[in-house]
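Okay, my_file-v1.tsv now, which holds TSV, C-alpha atoms and all ligand atoms:
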```tsv
chain	number	residue	atom	x	y	z
A	1	MET	CA	14.41	16.22	4.73
A	2	ILE	CA	12.30	15.29	1.72
A	3	ILE	CA	14.39	13.77	-1.05
A	4	VAL	CA	13.62	15.06	-4.56
A	5	LYS	CA	14.46	12.43	-7.19
A	6	THR	CA	16.35	13.03	-10.44
A	7	PRO	CA	14.89	11.93	-13.79
A	8	LYS	CA	17.22	8.90	-13.75
A	9	GLU	CA	16.12	7.93	-10.26
A	10	ILE	CA	12.49	8.37	-11.28
A	11	GLU	CA	13.01	6.01	-14.20
A	12	ALA	CA	14.37	3.40	-11.76
A	13	MET	CA	11.35	3.96	-9.53
A	14	ARG	CA	8.99	3.39	-12.46
A	15	ILE	CA	10.52	-0.04	-12.93
A	16	ALA	CA	10.39	-0.92	-9.22
A	17	GLY	CA	6.81	0.34	-9.15
A	18	ARG	CA	5.76	-1.68	-12.17
A	19	ILE	CA	7.24	-4.82	-10.61
A	20	ALA	CA	5.41	-4.24	-7.32
A	21	ARG	CA	2.17	-3.76	-9.31
A	22	GLU	CA	2.63	-6.98	-11.29
A	23	VAL	CA	3.33	-8.93	-8.12
A	24	VAL	CA	0.36	-7.60	-6.16
A	25	ASP	CA	-2.00	-8.16	-9.11
A	26	GLU	CA	-0.76	-11.69	-9.75
A	27	VAL	CA	-0.97	-12.60	-6.06
A	28	GLY	CA	-4.48	-11.15	-6.01
A	29	ARG	CA	-5.52	-13.49	-8.83
A	30	TYR	CA	-3.81	-16.45	-7.13
A	31	VAL	CA	-5.67	-16.20	-3.81
A	32	GLN	CA	-8.35	-18.92	-3.59
A	33	PRO	CA	-10.49	-20.34	-0.77
A	34	GLY	CA	-8.57	-22.88	1.33
A	35	MET	CA	-5.08	-21.47	0.78
A	36	SER	CA	-2.93	-20.71	3.79
A	37	THR	CA	-1.43	-17.25	4.03
A	38	ARG	CA	1.98	-18.95	4.06
A	39	GLU	CA	1.30	-20.42	0.60
A	40	ILE	CA	0.32	-16.95	-0.59
A	41	ASP	CA	3.51	-15.42	0.84
A	42	LEU	CA	5.71	-18.07	-0.78
A	43	PHE	CA	3.99	-17.55	-4.13
A	44	ALA	CA	4.72	-13.82	-3.81
A	45	ALA	CA	8.34	-14.53	-2.88
A	46	GLU	CA	8.78	-16.55	-6.07
A	47	LEU	CA	7.22	-13.81	-8.24
A	48	ILE	CA	9.48	-11.17	-6.68
A	49	ARG	CA	12.52	-13.36	-7.27
A	50	LYS	CA	11.55	-14.02	-10.90
A	51	GLN	CA	11.39	-10.25	-11.49
A	52	GLY	CA	14.97	-9.92	-10.27
A	53	ALA	CA	13.72	-7.92	-7.29
A	54	LYS	CA	13.88	-8.31	-3.51
A	55	SER	CA	11.20	-7.95	-0.88
A	56	ALA	CA	11.46	-4.57	0.80
A	57	PHE	CA	9.63	-5.97	3.85
A	58	LEU	CA	11.54	-9.19	4.62
A	59	GLY	CA	13.99	-8.29	7.38
A	60	TYR	CA	12.68	-4.74	7.74
A	61	LYS	CA	12.75	-4.26	11.52
A	62	LYS	CA	13.01	-8.09	11.54
A	63	TYR	CA	9.67	-8.54	9.73
A	64	PRO	CA	9.73	-12.24	8.78
A	65	CYS	CA	7.56	-12.40	5.61
A	66	HIS	CA	7.88	-11.33	1.97
A	67	ILE	CA	4.60	-9.43	1.74
A	68	CYS	CA	1.95	-8.36	4.25
A	69	ILE	CA	-1.26	-10.42	4.15
A	70	SER	CA	-4.05	-9.04	6.34
A	71	VAL	CA	-7.34	-10.95	6.50
A	72	ASN	CA	-10.76	-9.38	7.34
A	73	GLU	CA	-10.35	-7.52	10.67
A	74	GLU	CA	-6.59	-7.43	10.21
A	75	VAL	CA	-5.66	-3.90	9.11
A	76	VAL	CA	-2.01	-4.13	8.07
A	77	HIS	CA	1.19	-6.14	8.63
A	78	GLY	CA	-0.57	-9.50	8.81
A	79	MET	CA	1.97	-12.30	8.78
A	80	ALA	CA	2.05	-15.53	6.82
A	81	SER	CA	0.82	-18.46	8.89
A	82	ASP	CA	-1.22	-21.66	8.69
A	83	ARG	CA	-4.41	-19.56	8.67
A	84	ARG	CA	-6.47	-20.57	5.65
A	85	VAL	CA	-8.51	-17.97	3.84
A	86	GLN	CA	-12.16	-18.82	3.19
A	87	PHE	CA	-14.71	-17.91	0.58
A	88	GLY	CA	-16.08	-14.48	1.51
A	89	ASP	CA	-12.96	-13.26	3.33
A	90	ILE	CA	-11.26	-10.09	2.18
A	91	VAL	CA	-7.48	-10.04	2.07
A	92	SER	CA	-5.23	-6.99	2.00
A	93	LEU	CA	-2.00	-7.64	0.09
A	94	ASP	CA	0.83	-5.16	0.58
A	95	VAL	CA	3.88	-5.56	-1.66
A	96	GLY	CA	7.14	-3.65	-1.36
A	97	VAL	CA	10.05	-4.50	-3.65
A	98	TYR	CA	13.59	-3.29	-4.15
A	99	HIS	CA	14.80	-3.12	-7.72
A	100	GLY	CA	17.66	-1.07	-9.14
A	101	GLY	CA	18.24	0.52	-5.73
A	102	PHE	CA	14.68	1.81	-5.35
A	103	VAL	CA	11.44	0.74	-3.74
A	104	GLY	CA	7.99	0.25	-5.24
A	105	ASP	CA	5.25	0.02	-2.60
A	106	THR	CA	1.66	-0.87	-3.41
A	107	ALA	CA	-1.32	-2.58	-1.80
A	108	LYS	CA	-4.80	-3.75	-2.64
A	109	THR	CA	-7.60	-5.65	-0.92
A	110	VAL	CA	-9.23	-8.56	-2.76
A	111	ALA	CA	-12.15	-10.85	-2.05
A	112	VAL	CA	-11.50	-14.58	-1.66
A	113	GLY	CA	-13.77	-16.10	-4.32
A	114	GLY	CA	-16.47	-13.50	-3.61
A	115	CYS	CA	-17.69	-11.42	-0.73
A	116	SER	CA	-20.67	-9.62	0.76
A	117	LEU	CA	-21.91	-6.40	-0.81
A	118	SER	CA	-20.89	-4.53	2.33
A	119	ALA	CA	-17.32	-5.84	2.12
A	120	GLN	CA	-17.20	-4.93	-1.58
A	121	ARG	CA	-18.42	-1.44	-0.80
A	122	LEU	CA	-15.69	-1.02	1.83
A	123	MET	CA	-13.05	-2.01	-0.70
A	124	ASP	CA	-14.52	0.26	-3.38
A	125	VAL	CA	-14.60	3.27	-1.05
A	126	THR	CA	-11.02	2.65	0.10
A	127	GLU	CA	-9.79	2.53	-3.49
A	128	LYS	CA	-11.81	5.63	-4.31
A	129	ALA	CA	-10.29	7.44	-1.30
A	130	LEU	CA	-6.81	6.52	-2.54
A	131	HIS	CA	-7.58	8.07	-5.93
A	132	GLU	CA	-9.08	11.19	-4.33
A	133	GLY	CA	-5.81	11.51	-2.41
A	134	ILE	CA	-3.73	11.01	-5.54
A	135	ALA	CA	-5.72	13.72	-7.36
A	136	HIS	CA	-4.52	16.18	-4.71
A	137	ALA	CA	-0.87	15.09	-4.95
A	138	VAL	CA	0.10	18.06	-7.08
A	139	SER	CA	2.93	20.55	-6.94
A	140	GLY	CA	2.08	23.57	-4.77
A	141	ASN	CA	-0.37	21.64	-2.59
A	142	ARG	CA	0.59	20.48	0.86
A	143	VAL	CA	0.54	16.91	2.15
A	144	VAL	CA	-2.52	17.82	4.24
A	145	ASP	CA	-4.49	18.40	1.02
A	146	ILE	CA	-4.04	14.70	0.27
A	147	SER	CA	-4.95	13.76	3.85
A	148	ARG	CA	-8.10	15.87	3.78
A	149	ALA	CA	-9.29	14.42	0.48
A	150	VAL	CA	-8.82	10.86	1.73
A	151	GLN	CA	-10.52	11.50	5.07
A	152	ARG	CA	-13.49	13.29	3.48
A	153	CYS	CA	-14.11	10.50	1.03
A	154	VAL	CA	-13.91	7.81	3.70
A	155	GLU	CA	-16.02	9.57	6.33
A	156	SER	CA	-18.67	10.68	3.82
A	157	HIS	CA	-19.35	6.97	3.28
A	158	GLY	CA	-19.66	6.29	7.02
A	159	TYR	CA	-16.29	4.57	7.42
A	160	SER	CA	-13.26	5.61	9.45
A	161	VAL	CA	-9.56	6.10	8.76
A	162	VAL	CA	-6.81	4.54	10.83
A	163	ARG	CA	-4.62	7.14	12.57
A	164	GLU	CA	-1.74	5.06	13.90
A	165	PHE	CA	-0.30	4.18	10.48
A	166	VAL	CA	0.32	6.59	7.64
A	167	GLY	CA	1.64	6.88	4.10
A	168	HIS	CA	5.18	8.06	3.55
A	169	GLY	CA	7.90	9.25	1.24
A	170	VAL	CA	9.50	6.37	-0.65
A	171	GLY	CA	12.70	6.07	-2.68
A	172	ARG	CA	15.96	4.31	-1.91
A	173	SER	CA	14.36	3.56	1.44
A	174	LEU	CA	10.93	2.09	2.10
A	175	HIS	CA	10.04	4.87	4.51
A	176	GLU	CA	11.27	8.41	3.91
A	177	GLU	CA	9.93	11.80	4.84
A	178	PRO	CA	7.27	13.11	4.72
A	179	GLN	CA	4.60	11.22	6.61
A	180	VAL	CA	1.33	11.14	4.64
A	181	PRO	CA	-1.54	10.76	7.13
A	182	ASN	CA	-5.01	9.74	6.01
A	183	TYR	CA	-6.59	12.39	8.23
A	184	VAL	CA	-6.00	16.05	9.02
A	185	ASP	CA	-3.75	16.03	12.09
A	186	GLY	CA	-3.35	19.80	12.44
A	187	LYS	CA	0.44	19.62	12.30
A	188	PRO	CA	2.56	21.74	9.93
A	189	SER	CA	2.44	20.10	6.52
A	190	PRO	CA	5.17	20.20	3.86
A	191	LYS	CA	4.62	21.56	0.36
A	192	LEU	CA	4.69	19.09	-2.52
A	193	LYS	CA	7.31	19.65	-5.23
A	194	PRO	CA	8.04	17.96	-8.57
A	195	GLY	CA	10.33	14.95	-8.12
A	196	MET	CA	8.96	13.96	-4.72
A	197	THR	CA	7.76	10.37	-4.51
A	198	ILE	CA	5.23	9.35	-1.88
A	199	ALA	CA	3.21	6.30	-0.95
A	200	ILE	CA	-0.43	7.15	-0.33
A	201	GLU	CA	-2.15	4.34	1.54
A	202	PRO	CA	-5.55	4.70	3.18
A	203	MET	CA	-6.37	2.02	5.75
A	204	VAL	CA	-10.14	2.14	6.12
A	205	ASN	CA	-12.24	0.52	8.85
A	206	ALA	CA	-15.90	-0.40	8.38
A	207	GLY	CA	-16.46	0.39	12.07
A	208	GLY	CA	-14.48	2.66	14.40
A	209	PRO	CA	-10.96	3.95	13.76
A	210	LYS	CA	-9.33	2.21	16.73
A	211	VAL	CA	-6.81	-0.55	16.20
A	212	GLU	CA	-4.71	-2.84	18.37
A	213	MET	CA	-1.62	-4.93	17.86
A	214	LEU	CA	-1.57	-8.70	18.31
A	215	ASN	CA	1.01	-10.37	20.57
A	216	ASP	CA	3.12	-11.24	17.52
A	217	GLY	CA	4.25	-7.60	17.58
A	218	TRP	CA	3.16	-6.99	13.97
A	219	THR	CA	-0.42	-7.81	13.09
A	220	VAL	CA	-2.69	-4.79	13.48
A	221	ILE	CA	-6.41	-5.53	13.91
A	222	THR	CA	-9.52	-3.40	14.32
A	223	LYS	CA	-10.47	-2.98	17.96
A	224	ASP	CA	-14.16	-3.66	17.22
A	225	GLY	CA	-13.43	-6.69	15.02
A	226	GLU	CA	-15.02	-5.07	11.96
A	227	LEU	CA	-13.50	-5.37	8.48
A	228	SER	CA	-10.66	-3.18	7.24
A	229	ALA	CA	-9.35	-2.50	3.71
A	230	HIS	CA	-6.07	-1.06	2.40
A	231	PHE	CA	-5.10	0.36	-0.99
A	232	GLU	CA	-1.74	1.96	-1.78
A	233	HIS	CA	0.14	3.49	-4.69
A	234	THR	CA	3.60	5.00	-5.01
A	235	VAL	CA	3.06	8.38	-6.68
A	236	LEU	CA	5.38	10.93	-8.33
A	237	ILE	CA	4.68	14.65	-7.97
A	238	THR	CA	5.22	16.34	-11.34
A	239	GLU	CA	4.85	19.81	-12.87
A	240	SER	CA	1.36	18.74	-13.91
A	241	ALA	CA	-0.75	15.67	-13.07
A	242	PRO	CA	0.53	13.12	-10.54
A	243	GLU	CA	2.07	9.97	-12.02
A	244	ILE	CA	1.27	6.62	-10.44
A	245	LEU	CA	4.57	4.71	-10.36
A	246	THR	CA	2.98	1.45	-9.24
A	247	CYS	CA	1.06	0.98	-12.47
A	248	ALA	CA	1.15	-1.88	-14.93
A	249	SER	CA	2.58	-0.29	-18.06
A	250	LYS	CA	6.20	-0.75	-19.05
A	251	THR	CA	8.26	2.42	-19.07
A	252	ALA	CA	9.67	3.96	-22.27
A	253	THR	CA	13.17	2.68	-21.48
A	254	GLU	CA	11.96	-0.84	-20.85
A	255	SER	CA	9.90	-0.99	-24.06
A	256	LYS	CA	12.89	0.19	-26.09
A	257	GLY	CA	14.91	-2.72	-24.76
A	258	SER	CA	12.31	-5.40	-25.54
B	301	LIG	N1	2.80	-1.54	5.25
B	301	LIG	C1	3.98	-0.77	5.18
B	301	LIG	C2	3.94	0.20	4.05
B	301	LIG	O1	3.25	0.05	3.07
B	301	LIG	C3	5.24	-1.54	5.17
B	301	LIG	C4	5.26	-2.79	5.93
B	301	LIG	S1	6.70	-2.92	6.79
B	301	LIG	C5	6.71	-4.52	7.23
B	301	LIG	O2	4.59	1.21	4.12
B	301	LIG	F1	7.81	-4.71	7.82
B	301	LIG	F2	5.65	-4.78	7.97
B	301	LIG	F3	6.64	-5.25	6.19
B	302	CO	CO	2.91	-0.94	1.36
B	303	CO	CO	3.72	2.10	2.24
```
Encoded form using structure tokens:
Amino acid sequence: MIIVKTPKEIEAMRIAGRIAREVVDEVGRYVQPGMSTREIDLFAAELIRKQGAKSAFLGYKKYPCHICISVNEEVVHGMASDRRVQFGDIVSLDVGVYHGGFVGDTAKTVAVGGCSLSAQRLMDVTEKALHEGIAHAVSGNRVVDISRAVQRCVESHGYSVVREFVGHGVGRSLHEEPQVPNYVDGKPSPKLKPGMTIAIEPMVNAGGPKVEMLNDGWTVITKDGELSAHFEHTVLITESAPEILTCASKTATESKGS
């Protein structure tokens, strides 16, 4: 069942979304050559705590870190470790927070110091694919309209979309119905209605679409060792244009209070 949120619940989701956005952006600016992914995770943990929020990932199916940090060929769910990021690496940062009973879920890929033009292009196309998907997240469309838009954008640039992991409904729980694939899977696809909140999150590989899981049971890497990028927003379906909930601006209620 797809849960439609009330205006009050949506207001809570705007706040959770804004917090997730601030955390992922601040962590993105913090990442520098030579840092270990553990340092990055602990920095994120502190930011989440300061916002009065909780990590939505820590403890989820026993996941042991506060955010997901996936370097270069790592696709998603990379775990904090002694691995040090180097100049030229690209790092996918995925942040999920609980605040006020709701989840904000957002991700971005950043370069460490700088990166090759080809890595930059991969990141740019992934972000563009996310926004193509969001543009199709409108009432009356089906989920597959989002999937098709993402897949077309990615493949028209010669990249591939990961099949094994998908976007999802989000609300009081990190993962709700429906699934939001980044490719057309040919399965029946639900209609989008105002009040639905979904996380759209293309995972885009520079090479082939195949992935494998490391022995740690979490880290997903590209099978061919090529780079992968990941961008994600939590999005509200409305009567008109989609609203990105994981955006930086304070909500009306918050501004009134400050
Ligand atoms: N990457 C997932 C998402 O954005 C959530 C990660 S679950 C975790 O939906 F346990 F790995 F953290
Ligand atoms: Co996420
Ligand atoms: Co997500």
Requested in this report: Could you tell me which of A:Cys115, A:Ile10, A:Val154, A:Leu130 comes closest to Gly195 (chain A) if we count only C-alpha atoms?
Outcome: A:Ile10
Query raised in the report: So which one's closest to ligand CO 303 (chain B), A:Lys5, A:Lys61, A:Lys108, A:His233? Using all atoms listed in the file, please.
Result: A:His233
Query raised in the report: If we count all atoms listed in the file, what is near Glu177 (chain A) at a cut-off of 8 Å, once residues fewer than 4 positions away on the same chain are taken out, given as a ChimeraX atom specification?
Result: /A:1-3,168-170
Requested in this report: Please provide the set of residues having any atom within 10 Å of Trp218 (chain A), restricted to all atoms listed in the file, with same-chain residues fewer than 3 positions apart removed, written as number ranges by chain.
Outcome: A: 63-64, 68, 76-79, 212-215, 221
Query raised in the report: Could you work out how far CA of Thr219 (chain A) lies from CA of Lys187 (chain A), giving the answer in Å with one decimal?
Result: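 Separating CA of Lys187 (chain A) from CA of Thr219 (chain A) is a distance of 27.5 Å.
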Query raised in the report: Do you know which residues are at most 6 Å from region 133-146 of chain A counting only C-alpha atoms, after dropping those on the same chain fewer than 5 positions away, and could you put them as a VMD selection string?
Result: chain A and resid 189 to 194 237
Can you put N, CA and C atoms back into region 79-92 of chain A and show it as an mmCIF file, in the coordinates of the input?
```cif
data_model
loop_
_atom_site.group_PDB
_atom_site.id
_atom_site.type_symbol
_atom_site.label_atom_id
_atom_site.label_comp_id
_atom_site.auth_asym_id
_atom_site.auth_seq_id
_atom_site.Cartn_x
_atom_site.Cartn_y
_atom_site.Cartn_z
ATOM 1 N N MET A 79 0.821 -11.440 9.088
ATOM 2 C CA MET A 79 1.970 -12.300 8.780
ATOM 3 C C MET A 79 1.524 -13.659 8.271
ATOM 4 N N ALA A 80 2.324 -14.202 7.368
ATOM 5 C CA ALA A 80 2.050 -15.530 6.820
ATOM 6 C C ALA A 80 2.003 -16.556 7.938
ATOM 7 N N SER A 81 0.993 -17.435 7.859
ATOM 8 C CA SER A 81 0.820 -18.460 8.890
ATOM 9 C C SER A 81 0.040 -19.627 8.291
ATOM 10 N N ASP A 82 -0.404 -20.528 9.151
ATOM 11 C CA ASP A 82 -1.220 -21.660 8.690
ATOM 12 C C ASP A 82 -2.685 -21.260 8.497
ATOM 13 N N ARG A 83 -3.029 -20.015 8.848
ATOM 14 C CA ARG A 83 -4.410 -19.560 8.670
ATOM 15 C C ARG A 83 -4.835 -19.729 7.211
ATOM 16 N N ARG A 84 -5.965 -20.377 7.011
ATOM 17 C CA ARG A 84 -6.470 -20.570 5.650
ATOM 18 C C ARG A 84 -7.561 -19.556 5.366
ATOM 19 N N VAL A 85 -7.477 -18.945 4.188
ATOM 20 C CA VAL A 85 -8.510 -17.970 3.840
ATOM 21 C C VAL A 85 -9.733 -18.724 3.310
ATOM 22 N N GLN A 86 -10.908 -18.161 3.564
ATOM 23 C CA GLN A 86 -12.160 -18.820 3.190
ATOM 24 C C GLN A 86 -12.926 -17.971 2.204
ATOM 25 N N PHE A 87 -13.819 -18.641 1.479
ATOM 26 C CA PHE A 87 -14.710 -17.910 0.580
ATOM 27 C C PHE A 87 -15.410 -16.798 1.370
ATOM 28 N N GLY A 88 -15.413 -15.597 0.844
ATOM 29 C CA GLY A 88 -16.080 -14.480 1.510
ATOM 30 C C GLY A 88 -15.153 -13.609 2.335
ATOM 31 N N ASP A 89 -13.944 -14.109 2.625
ATOM 32 C CA ASP A 89 -12.960 -13.260 3.330
ATOM 33 C C ASP A 89 -12.497 -12.153 2.393
ATOM 34 N N ILE A 90 -12.000 -11.064 2.988
ATOM 35 C CA ILE A 90 -11.260 -10.090 2.180
ATOM 36 C C ILE A 90 -9.820 -10.067 2.687
ATOM 37 N N VAL A 91 -8.904 -9.939 1.747
ATOM 38 C CA VAL A 91 -7.480 -10.040 2.070
ATOM 39 C C VAL A 91 -6.736 -8.827 1.531
ATOM 40 N N SER A 92 -6.062 -8.120 2.425
ATOM 41 C CA SER A 92 -5.230 -6.990 2.000
ATOM 42 C C SER A 92 -3.822 -7.504 1.729
#
```
